[in-house]
Amino acid sequence: MKSDFKSGFVTLIGRPNVGKSTLMNRIIGQKIAITSKKPQTTRNRIQTVYTDVDRGQIVFLDTPGIHKAKNKLGEYMVNVAEHTLKDVDVILWLVEPSTFIGAGERHIAEQLKNIRIPVILVINKTDTVKKEEVLAFIDAYRRIYEFAEIIPASALTGDNTDTILDMIFKYLPYGPMFYDEDTVTDQPERQIVAELIREKALRCLDEEIPHGIAVTIETMKTRKKGDITDIEATIVCERESHKGIIIGKGGAMLKKIGSRAREDIEKMLETKVNLHLWVKVRKGWRDSDIQMKNFGYNPKDV
């Protein structure tokens with residue numbers, strides 16, 4: 001191992017929907033975290049690993065958006081995000097390109113006040129604004145916190161993501177690799193499959209339903225020849241009326257979710273996939289500790 005090799009942990013924080021998962025997927029070079037235009041898409045802390053054999057290894061923690069919680073699942077998500085702040089070497093804070101700094105951002109700035117860790121501000125989505133406006137955004141944010149660096153970037157187009165990596169390496173400590181150089185995530189395959197199905201449901205369904213869904217993998221087996229993987233999964237929702245919408249007329253919506261999920265799962269597993277989806281109702285699961293734990297959101301893990 002080279003003596004100037006660096007390694008460490010970096011957390012991505014920010015309000016829901018600022019592009020944290022998109023940025024992480026862009027840097028890693030493959031899809032690990034699911035994305036959608038709906039807030040609160042990421043629910044758990046997801047670890048991905050970026051290795052540059054010459055410079056070092058970055059372990060990224062993609063966290064749920066920090067928001068005002070409305071139920072136990074919301075509280076769990078905010079706890080997950082806020083707990084990671086103390087366990088890392090660098091904090092990457094993503095914001096929208098704007099001079100208006102709302103209550104959500106101010107709350108995050110308050111959380112960071114007592115933390116002695118370098119904070120790099122990424123003003124994301126700069127592809128949606130004029131270049132000459134960016135200086136005003138930088139100026140507005142400079143007033144609320146003393147950032148180690150401020151970087152305008154676009155996770156969607158990849159603009160300035162190299163600079164983000166350069167700045168992270170600048171602040172990381174020297175140290176050995178935590179993972180093999182070919183590791184990209186600590187997520188079990190089953191969990192990524194469940195998340196890919198949830199992503200397609202989020203993208204296909206109306207606003208009010210997605211927050212109330214979870215996905216569990218019942219069985220996942222690759223056939224002896226290794227060319228086909230059989231997966232049975234359940235989409236859990238909170239109301240009977242939601243079940244009908246998820247299934248759709250003549251099963252059309254469930255079919256659409258399944259075929260879109262299957263494409264991504266096949267890419268990831270590199271096999272053909274035979275996917276069967278079911279829909280079950282679990283009333284009020286987002287406020288039940290037992291049910292949340294069953295669906296992989298255990299408050300004791302935070």
# chains A, B, ... in the order shown; residues from 1 in each chain; ligands from 1
>>> residues_around(residues="A:Asn114", least_positions_apart="6", cutoff="12 Å", atoms="only C-alpha atoms", output="count of residues only")
4
>>> residues_around(residues="stretch 230-243 of chain A", least_positions_apart="3", cutoff="8 Å", atoms="only C-alpha atoms", output="PyMOL selection string")
chain A and resi 194+198+209+212-223+246-247+273-285
>>> write_last_selection(atoms="C-alpha atoms", output="tab-separated table (two decimals), in the first residue's frame")
chain	number	residue	atom	x	y	z
A	194	ALA	CA	-36.26	-4.85	-3.15
A	198	ARG	CA	-39.76	0.11	-4.83
A	209	ILE	CA	-49.29	6.09	-2.33
A	212	GLY	CA	-46.79	4.09	2.32
A	213	ILE	CA	-45.15	1.22	0.44
A	214	ALA	CA	-42.41	-1.22	1.35
A	215	VAL	CA	-41.07	-4.19	-0.60
A	216	THR	CA	-40.01	-7.56	0.79
A	217	ILE	CA	-38.28	-10.34	-1.13
A	218	GLU	CA	-39.96	-13.67	-0.29
A	219	THR	CA	-37.69	-15.93	-2.36
A	220	MET	CA	-34.72	-15.35	-4.64
A	221	LYS	CA	-33.05	-18.38	-6.23
A	222	THR	CA	-30.78	-18.77	-9.22
A	223	ARG	CA	-31.45	-21.95	-11.22
A	246	ILE	CA	-51.01	-0.69	-7.32
A	247	ILE	CA	-52.53	-3.71	-9.11
A	273	VAL	CA	-35.04	-12.78	-14.20
A	274	ASN	CA	-38.44	-14.38	-13.66
A	275	LEU	CA	-40.18	-11.89	-11.34
A	276	HIS	CA	-43.49	-12.46	-9.54
A	277	LEU	CA	-45.03	-9.59	-7.60
A	278	TRP	CA	-47.79	-9.71	-4.98
A	279	VAL	CA	-49.53	-6.89	-3.12
A	280	LYS	CA	-50.49	-7.01	0.59
A	281	VAL	CA	-52.12	-4.49	2.93
A	282	ARG	CA	-50.55	-3.76	6.34
A	283	LYS	CA	-52.49	-0.90	7.90
A	284	GLY	CA	-50.39	1.76	9.65
A	285	TRP	CA	-47.10	-0.12	9.22
>>> select_by_dssp(residues="stretch 130-214 of chain A", states="strand (DSSP E or B)", output="list in words")
Glu149, Ile150, Ile151, Pro152, Ser154, Asp159, Tyr174, Thr185 and Ala214 of chain A
>>> residues_around(residues="stretch 159-162 of chain A", least_positions_apart="4", cutoff="10 Å", atoms="only C-alpha atoms", output="compact mmCIF listing (two decimals) with C-alpha atoms, in the first residue's frame")
# COMPACT_ATOMS: atom_id res chain seq x y z
CA LEU A 23 -24.57 11.98 -7.19
CA MET A 24 -23.52 8.78 -5.44
CA ARG A 26 -22.70 8.99 -10.74
CA ILE A 27 -19.45 8.76 -8.73
CA VAL A 122 -22.25 21.02 -3.20
CA ASN A 124 -26.27 20.66 -7.17
CA LYS A 125 -28.47 20.92 -10.29
CA THR A 126 -26.46 23.81 -11.78
CA ASP A 127 -27.56 22.52 -15.19
CA ILE A 151 -18.58 23.43 -5.29
CA PRO A 152 -21.27 24.12 -7.92
CA ALA A 153 -22.02 20.85 -9.76
CA SER A 154 -24.57 18.73 -11.59
CA ALA A 155 -24.95 15.10 -10.55
CA ASP A 166 -10.53 15.97 -5.59
CA MET A 167 -11.82 17.98 -2.63
CA ILE A 168 -12.91 14.87 -0.70
>>> atom_distance(atom1="atom CA of A:Arg116", atom2="atom CA of A:Gln57")
21.7 Å
>>> residues_around(residues="A:Gly175", least_positions_apart="3", cutoff="7 Å", atoms="only C-alpha atoms", output="MDAnalysis selection string")
chainID A and resid 5:7
>>> atom_distance(atom1="atom CA of A:Phe100", atom2="atom CA of A:Ile120")
19.0 Å
>>> residues_around(residues="A:Gly29", least_positions_apart="3", cutoff="12 Å", atoms="only C-alpha atoms", output="compact mmCIF listing (two decimals) with N, CA, C and O atoms, in the first residue's frame")
# COMPACT_ATOMS: atom_id res chain seq x y z
N SER A 21 -28.63 10.63 -3.98
CA SER A 21 -28.47 9.29 -4.57
C SER A 21 -27.97 9.38 -6.00
O SER A 21 -27.14 8.56 -6.44
N THR A 22 -28.43 10.38 -6.75
CA THR A 22 -27.98 10.56 -8.14
C THR A 22 -26.48 10.83 -8.17
O THR A 22 -25.74 10.27 -8.99
N LEU A 23 -26.01 11.66 -7.24
CA LEU A 23 -24.57 11.98 -7.19
C LEU A 23 -23.77 10.73 -6.83
O LEU A 23 -22.73 10.45 -7.44
N MET A 24 -24.26 9.97 -5.85
CA MET A 24 -23.52 8.78 -5.44
C MET A 24 -23.45 7.77 -6.58
O MET A 24 -22.39 7.22 -6.87
N ASN A 25 -24.58 7.54 -7.24
CA ASN A 25 -24.59 6.61 -8.39
C ASN A 25 -23.62 7.08 -9.48
O ASN A 25 -22.94 6.29 -10.11
N ARG A 26 -23.58 8.40 -9.71
CA ARG A 26 -22.70 8.99 -10.74
C ARG A 26 -21.23 8.71 -10.39
O ARG A 26 -20.45 8.28 -11.24
N ILE A 32 -26.73 2.03 -7.44
CA ILE A 32 -26.83 1.33 -6.15
C ILE A 32 -28.02 1.88 -5.38
O ILE A 32 -28.85 1.15 -4.87
N ALA A 33 -28.09 3.21 -5.33
CA ALA A 33 -29.20 3.85 -4.60
C ALA A 33 -30.31 4.18 -5.58
O ALA A 33 -30.06 4.61 -6.70
N THR A 48 -21.61 2.87 -0.16
CA THR A 48 -20.98 2.49 -1.43
C THR A 48 -19.51 2.84 -1.33
O THR A 48 -19.10 3.67 -0.52
N VAL A 49 -18.73 2.20 -2.18
CA VAL A 49 -17.28 2.35 -2.08
C VAL A 49 -16.71 2.81 -3.42
O VAL A 49 -16.98 2.22 -4.46
N TYR A 50 -15.92 3.89 -3.35
CA TYR A 50 -15.22 4.39 -4.54
C TYR A 50 -13.72 4.19 -4.30
O TYR A 50 -13.18 4.69 -3.32
N THR A 51 -13.07 3.45 -5.19
CA THR A 51 -11.63 3.19 -5.02
C THR A 51 -10.85 3.73 -6.21
O THR A 51 -11.17 3.44 -7.36
N ALA A 155 -25.05 16.56 -10.64
CA ALA A 155 -24.95 15.10 -10.55
C ALA A 155 -25.53 14.45 -11.80
O ALA A 155 -25.08 13.40 -12.24
N GLY A 158 -22.91 15.21 -14.60
CA GLY A 158 -21.54 14.85 -14.23
C GLY A 158 -20.63 16.06 -14.14
O GLY A 158 -19.44 15.93 -13.84
N THR A 161 -18.13 16.82 -11.03
CA THR A 161 -18.06 15.71 -10.05
C THR A 161 -16.60 15.29 -9.80
O THR A 161 -16.27 14.83 -8.71
N VAL A 184 -18.24 -2.41 -4.50
CA VAL A 184 -18.92 -1.13 -4.72
C VAL A 184 -20.00 -0.84 -3.69
O VAL A 184 -20.44 0.30 -3.55
N THR A 185 -20.46 -1.86 -2.96
CA THR A 185 -21.48 -1.60 -1.94
C THR A 185 -21.49 -2.70 -0.89
O THR A 185 -21.05 -3.82 -1.15
>>> atom_distance(atom1="atom CA of A:Trp93", atom2="atom CA of A:Val10")
10.2 Å
>>> closest_residue(among="A:Arg190, A:Lys256, A:Lys130, A:Arg203", to="A:Thr229", atoms="only C-alpha atoms")
A:Arg190
>>> residues_around(residues="A:Val119", least_positions_apart="3", cutoff="8 Å", atoms="only C-alpha atoms", output="list of chain:residue names")
A:Val90, A:Ile91, A:Leu92, A:Trp93, A:Phe147, A:Ala148, A:Glu149
>>> closest_residue(among="A:Lys72, A:Asp52, A:Leu121, A:Ile101", to="A:Thr11", atoms="only C-alpha atoms")
A:Leu121
>>> closest_residue(among="A:Ile115, A:Met253, A:Val18, A:Ile28", to="A:Ala201", atoms="only C-alpha atoms")
A:Met253
>>> closest_atom_pairs(of="stretch 139-197 of chain A", to="stretch 262-270 of chain A", cutoff="12 Å", atoms="only C-alpha atoms", output="Markdown table")
| residue | atom | partner | partner_atom | distance |
| --- | --- | --- | --- | --- |
| A:Pro188 | CA | A:Leu269 | CA | 11.9 |
| A:Glu189 | CA | A:Leu269 | CA | 8.3 |
| A:Arg190 | CA | A:Ile265 | CA | 10.2 |
| A:Gln191 | CA | A:Ile265 | CA | 11.4 |
| A:Ile192 | CA | A:Ile265 | CA | 8.6 |
| A:Val193 | CA | A:Ile265 | CA | 6.3 |
| A:Ala194 | CA | A:Ile265 | CA | 9.6 |
| A:Glu195 | CA | A:Ile265 | CA | 10.1 |
| A:Leu196 | CA | A:Asp264 | CA | 7.2 |
| A:Ile197 | CA | A:Arg262 | CA | 8.2 |
